[in-house]
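Shown below: final.txt, with compact mmCIF, C-alpha atoms.
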# COMPACT_ATOMS: atom_id res chain seq x y z
CA MET A 1 -6.83 -3.53 -9.01
CA ILE A 2 -7.45 -6.72 -7.02
CA ASP A 3 -7.54 -9.88 -9.10
CA PRO A 4 -10.92 -11.61 -8.47
CA GLU A 5 -9.14 -14.97 -8.27
CA LEU A 6 -7.15 -13.81 -5.22
CA LYS A 7 -10.21 -12.86 -3.16
CA PRO A 8 -11.07 -15.05 -0.16
CA GLU A 9 -13.84 -17.52 -0.85
CA ALA A 10 -15.39 -17.55 2.62
CA THR A 11 -18.81 -15.98 2.91
CA ARG A 12 -18.77 -12.86 5.01
CA SER A 13 -21.39 -12.46 7.70
CA VAL A 14 -20.43 -8.90 8.65
CA ALA A 15 -19.46 -5.88 6.64
CA GLN A 16 -15.73 -5.70 6.04
CA PRO A 17 -13.88 -2.38 5.96
CA ALA A 18 -12.83 -0.95 2.62
CA VAL A 19 -9.37 0.41 1.92
CA SER A 20 -10.90 3.86 2.36
CA ALA A 21 -10.91 3.13 6.12
CA ILE A 22 -7.12 3.59 6.15
CA GLN A 23 -6.91 6.29 3.49
CA ALA A 24 -5.42 8.90 5.84
CA VAL A 25 -2.52 6.71 6.98
CA ALA A 26 -1.99 5.44 3.43
CA ARG A 27 -1.77 9.04 2.21
CA SER A 28 0.77 9.84 4.93
CA ARG A 29 3.03 7.05 3.61
CA LEU A 30 3.06 8.31 0.01
CA LEU A 31 6.41 9.47 -1.33
CA THR A 32 6.66 10.43 -4.99
CA VAL A 33 9.41 11.48 -7.36
CA ALA A 34 9.53 12.46 -11.02
CA VAL A 35 11.00 10.09 -13.58
CA ASP A 36 14.08 12.28 -13.93
CA ALA A 37 14.86 12.36 -10.19
CA HIS A 38 18.32 11.05 -9.39
CA LEU A 39 18.77 8.05 -7.12
CA VAL A 40 20.49 10.22 -4.51
CA ASN A 41 17.19 12.11 -4.14
CA VAL A 42 15.23 8.85 -3.87
CA ALA A 43 17.63 7.59 -1.20
CA ALA A 44 17.31 10.86 0.73
CA LEU A 45 13.50 10.56 0.71
CA LEU A 46 13.62 6.97 1.93
CA SER A 47 16.14 7.72 4.65
CA SER A 48 13.84 10.28 6.24
CA ALA A 49 10.60 8.29 5.97
CA GLN A 50 8.98 5.36 7.71
CA ILE A 51 8.20 3.60 4.47
CA SER A 52 10.46 1.67 2.13
CA VAL A 53 8.93 2.53 -1.24
CA VAL A 54 8.89 5.60 -3.49
CA VAL A 55 6.40 6.01 -6.32
CA VAL A 56 7.77 7.27 -9.64
CA CYS A 57 5.23 9.49 -11.43
CA SER A 58 4.93 11.05 -14.86
CA GLU A 59 4.71 14.80 -15.41
CA THR A 60 0.91 14.46 -15.29
CA GLY A 61 1.02 12.61 -11.96
CA GLU A 62 0.32 9.07 -13.18
CA VAL A 63 2.10 6.10 -11.60
CA LEU A 64 4.89 4.76 -13.80
CA GLY A 65 6.72 2.53 -11.33
CA ILE A 66 8.21 2.14 -7.88
CA ILE A 67 11.62 2.05 -6.27
CA THR A 68 12.16 0.19 -2.99
CA GLU A 69 14.98 0.38 -0.48
CA THR A 70 15.96 -3.15 -1.48
CA MET A 71 16.27 -2.09 -5.11
CA LEU A 72 18.56 0.79 -4.12
CA VAL A 73 20.75 -1.47 -1.98
CA LYS A 74 21.10 -3.91 -4.89
CA GLN A 75 22.06 -1.08 -7.25
CA LEU A 76 24.65 0.15 -4.76
CA GLY A 77 25.96 -3.30 -3.83
CA MET A 78 26.38 -4.43 -7.43
CA GLY A 79 27.94 -1.12 -8.49
CA ARG A 80 25.32 -0.81 -11.22
CA ALA A 81 24.36 2.81 -10.76
CA ASP A 82 25.95 6.14 -10.00
CA PHE A 83 23.49 7.58 -7.48
CA PHE A 84 24.30 11.15 -8.59
CA SER A 85 23.59 10.64 -12.29
CA THR A 86 21.24 7.65 -12.60
CA ARG A 87 17.59 8.60 -13.02
CA ALA A 88 14.68 6.94 -11.23
CA ASP A 89 13.19 5.57 -14.45
CA ALA A 90 16.41 3.61 -15.10
CA VAL A 91 15.97 1.39 -12.03
CA MET A 92 12.26 1.50 -11.17
CA THR A 93 10.06 -1.54 -11.59
CA ARG A 94 6.92 -1.19 -13.64
CA ASP A 95 5.52 -4.41 -12.19
CA ILE A 96 3.38 -2.92 -9.42
CA ARG A 97 0.26 -3.98 -7.58
CA SER A 98 -2.45 -1.49 -6.76
CA CYS A 99 -5.87 -1.20 -5.17
CA GLY A 100 -8.65 1.36 -5.03
CA LEU A 101 -10.53 2.99 -2.17
CA GLN A 102 -13.56 0.76 -2.75
CA ASP A 103 -11.61 -2.52 -2.54
CA LEU A 104 -12.21 -4.52 0.62
CA LEU A 105 -9.29 -4.44 3.02
CA PRO A 106 -9.32 -8.21 3.70
CA ASP A 107 -9.11 -8.85 -0.06
CA VAL A 108 -6.16 -6.49 -0.45
CA LEU A 109 -4.35 -8.03 2.54
CA THR A 110 -4.98 -11.53 1.20
CA MET A 111 -3.49 -10.56 -2.16
CA MET A 112 -0.50 -8.98 -0.41
CA HIS A 113 0.06 -12.11 1.69
CA LYS A 114 -0.20 -14.46 -1.30
CA GLN A 115 2.24 -12.39 -3.33
CA GLY A 116 4.64 -11.66 -0.46
CA LEU A 117 4.13 -7.90 -0.58
CA ILE A 118 4.57 -5.40 2.23
CA HIS A 119 3.16 -2.43 0.32
CA VAL A 120 0.50 -1.91 -2.34
CA LEU A 121 -0.23 1.36 -4.08
CA LEU A 122 -3.58 3.03 -3.54
CA VAL A 123 -4.56 4.66 -6.84
CA ASP A 124 -7.55 6.50 -8.27
CA ALA A 125 -9.35 5.64 -11.52
CA ASP A 126 -6.78 7.66 -13.50
CA ASN A 127 -3.82 5.71 -12.02
CA ARG A 128 -2.74 8.64 -9.87
CA PRO A 129 -1.32 7.70 -6.46
CA LEU A 130 -3.51 8.32 -3.42
CA GLY A 131 -1.32 6.52 -0.89
CA VAL A 132 0.57 3.38 0.03
CA VAL A 133 -1.23 0.55 1.84
CA ASN A 134 1.14 -1.04 4.31
CA MET A 135 0.42 -4.57 5.54
CA ARG A 136 0.81 -3.55 9.18
CA ASP A 137 -1.65 -0.64 8.82
CA GLY A 138 -4.20 -2.90 7.16
CA LEU A 139 -3.93 -5.56 9.85
CA ARG A 140 -4.23 -2.91 12.56
CA ALA A 141 -7.45 -1.60 10.94
CA LEU A 142 -8.93 -5.12 10.73
CA LEU A 143 -8.09 -5.75 14.38
CA GLN A 144 -9.81 -2.51 15.39
CA ALA A 145 -12.88 -3.41 13.33
CA GLY A 146 -12.99 -6.84 14.99
CA ASN A 147 -12.65 -5.34 18.46
CA HIS A 148 -15.46 -2.88 17.72
CA GLU A 149 -17.71 -5.68 16.48
CA GLU A 150 -16.93 -7.74 19.59
CA GLU A 151 -17.87 -4.79 21.82
CA LEU A 152 -21.16 -4.32 19.94
CA LEU A 153 -22.02 -7.99 20.34
CA ARG A 154 -21.10 -7.95 24.03
CA SER A 155 -23.36 -4.93 24.61
CA TYR A 156 -26.21 -6.58 22.75
CA VAL A 157 -25.91 -9.86 24.68
CA MET A 158 -25.68 -8.04 28.01
CA GLY A 159 -29.00 -6.37 27.26
CA ILE A 160 -27.60 -2.93 26.70
CA GLY A 161 -28.43 -3.08 23.00
CA TYR A 162 -26.50 -1.61 20.12
CA GLN A 163 -24.93 1.74 20.82
Mind converting the file's structure to C-alpha cells?
Amino acid sequence: MIDPELKPEATRSVAQPAVSAIQAVARSRLLTVAVDAHLVNVAALLSSAQISVVVVCSETGEVLGIITETMLVKQLGMGRADFFSTRADAVMTRDIRSCGLQDLLPDVLTMMHKQGLIHVLLVDADNRPLGVVNMRDGLRALLQAGNHEEELLRSYVMGIGYQ
C-alpha cells in the first residue's frame, strides 16, 4: 500500500478522489497469467493489449510478481530465455508497488511520479489483483475532478448555486 512518507504534505481544501474512482478502467487493464505460463504466452497477451504489464498470480489468485514489456525485451535481447520453455516465475519481478481502492488518487500518483512508475497494481486486502492503475488514467481522472469542481464554483459565484 502507499507509504505514508510519500504522501503530499499540502493540506487539502477539497475532497480528493480515491482510486476507486478509476476502478473500472483499472480493471480493464488487468492481464494475469499463472506462474507456469511460458513467456511466449505473456508476450502474446502484451502484444494484443494496451498495457505493458502482466500480473503473475498463484493458483489461489494472489499476486506473486509482474512482467513488463521491457523485461521481455531484455530477456530476448540478451538471449537469456527461451520464450517457449521459460516460465513466468523465472523472469518476473517480485518488487511491486500496489494500492487499494480506498487510497487517494493524488497520493498514488505522487508515489508513482517519485518512483518513476507508469503502472501500479490495484489489490484487495488479500493481495488479489483488482486492476492496474495507469499514470495517464489517474491524471485524466484528476483533471475531470478539477474541471467539475471549477464548474461548481462558477455556478455558485454566478448565483445559480450548487447543482
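Using all atoms listed in the file, the shortest contact distance between Pro106 (chain A) and any of A:Leu39, A:Leu143, A:Ile66, A:Ala26 is found at A:Leu143.
Here the question is which of A:Leu101, A:Leu64, A:Ile96, A:Ala125 gets nearest to Asp36 (chain A) using only C-alpha atoms, and that residue is A:Leu64.
For the residues A:Ala34, A:Val55, A:Val40, A:Leu105, ranking by smallest atom-to-atom distance to Asn127 (chain A) using only C-alpha atoms places A:Val55 first.
Taking CA of Leu104 (chain A) and CA of Val54 (chain A) as the two end points, the separation is 23.8 Å.
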Near-region 90-94 of chain A list (12 Å; all atoms listed in the file; drop same-chain fewer than 6 positions) as a short mmCIF file (atom, residue, chain, number, x, y, z; two decimals) with C-alpha atoms, in the coordinates of the input:
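Output (around.cif):
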data_model
loop_
_atom_site.label_atom_id
_atom_site.label_comp_id
_atom_site.auth_asym_id
_atom_site.auth_seq_id
_atom_site.Cartn_x
_atom_site.Cartn_y
_atom_site.Cartn_z
CA VAL A 33 9.41 11.48 -7.36
CA ALA A 34 9.53 12.46 -11.02
CA VAL A 35 11.00 10.09 -13.58
CA ASP A 36 14.08 12.28 -13.93
CA ALA A 37 14.86 12.36 -10.19
CA HIS A 38 18.32 11.05 -9.39
CA LEU A 39 18.77 8.05 -7.12
CA VAL A 42 15.23 8.85 -3.87
CA VAL A 53 8.93 2.53 -1.24
CA VAL A 54 8.89 5.60 -3.49
CA VAL A 55 6.40 6.01 -6.32
CA VAL A 56 7.77 7.27 -9.64
CA CYS A 57 5.23 9.49 -11.43
CA VAL A 63 2.10 6.10 -11.60
CA LEU A 64 4.89 4.76 -13.80
CA GLY A 65 6.72 2.53 -11.33
CA ILE A 66 8.21 2.14 -7.88
CA ILE A 67 11.62 2.05 -6.27
CA THR A 68 12.16 0.19 -2.99
CA GLU A 69 14.98 0.38 -0.48
CA THR A 70 15.96 -3.15 -1.48
CA MET A 71 16.27 -2.09 -5.11
CA LEU A 72 18.56 0.79 -4.12
CA VAL A 73 20.75 -1.47 -1.98
CA LYS A 74 21.10 -3.91 -4.89
CA GLN A 75 22.06 -1.08 -7.25
CA LEU A 76 24.65 0.15 -4.76
CA ARG A 80 25.32 -0.81 -11.22
CA ALA A 81 24.36 2.81 -10.76
CA ASP A 82 25.95 6.14 -10.00
CA PHE A 83 23.49 7.58 -7.48
#
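Between Gln23 (chain A) and the residues A:Met78, A:Gly100, A:Asp107, A:Arg136, the shortest atom-to-atom distance, using all atoms listed in the file, involves A:Gly100.
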Within 12 Å of (-2.1, 2.6, 2.0), in the coordinates the file gives, what residues turn up when you count all atoms listed in the file, written out as number ranges by chain?
A: 18-31, 51, 53, 97-101, 103, 105, 108-109, 112, 118-123, 129-139, 141
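Pairwise distance (CA of Leu142 (chain A), CA of Pro17 (chain A)) equals 7.4 Å.
Between CA of Arg128 (chain A) and CA of Gly61 (chain A) the interatomic distance comes to 5.9 Å.
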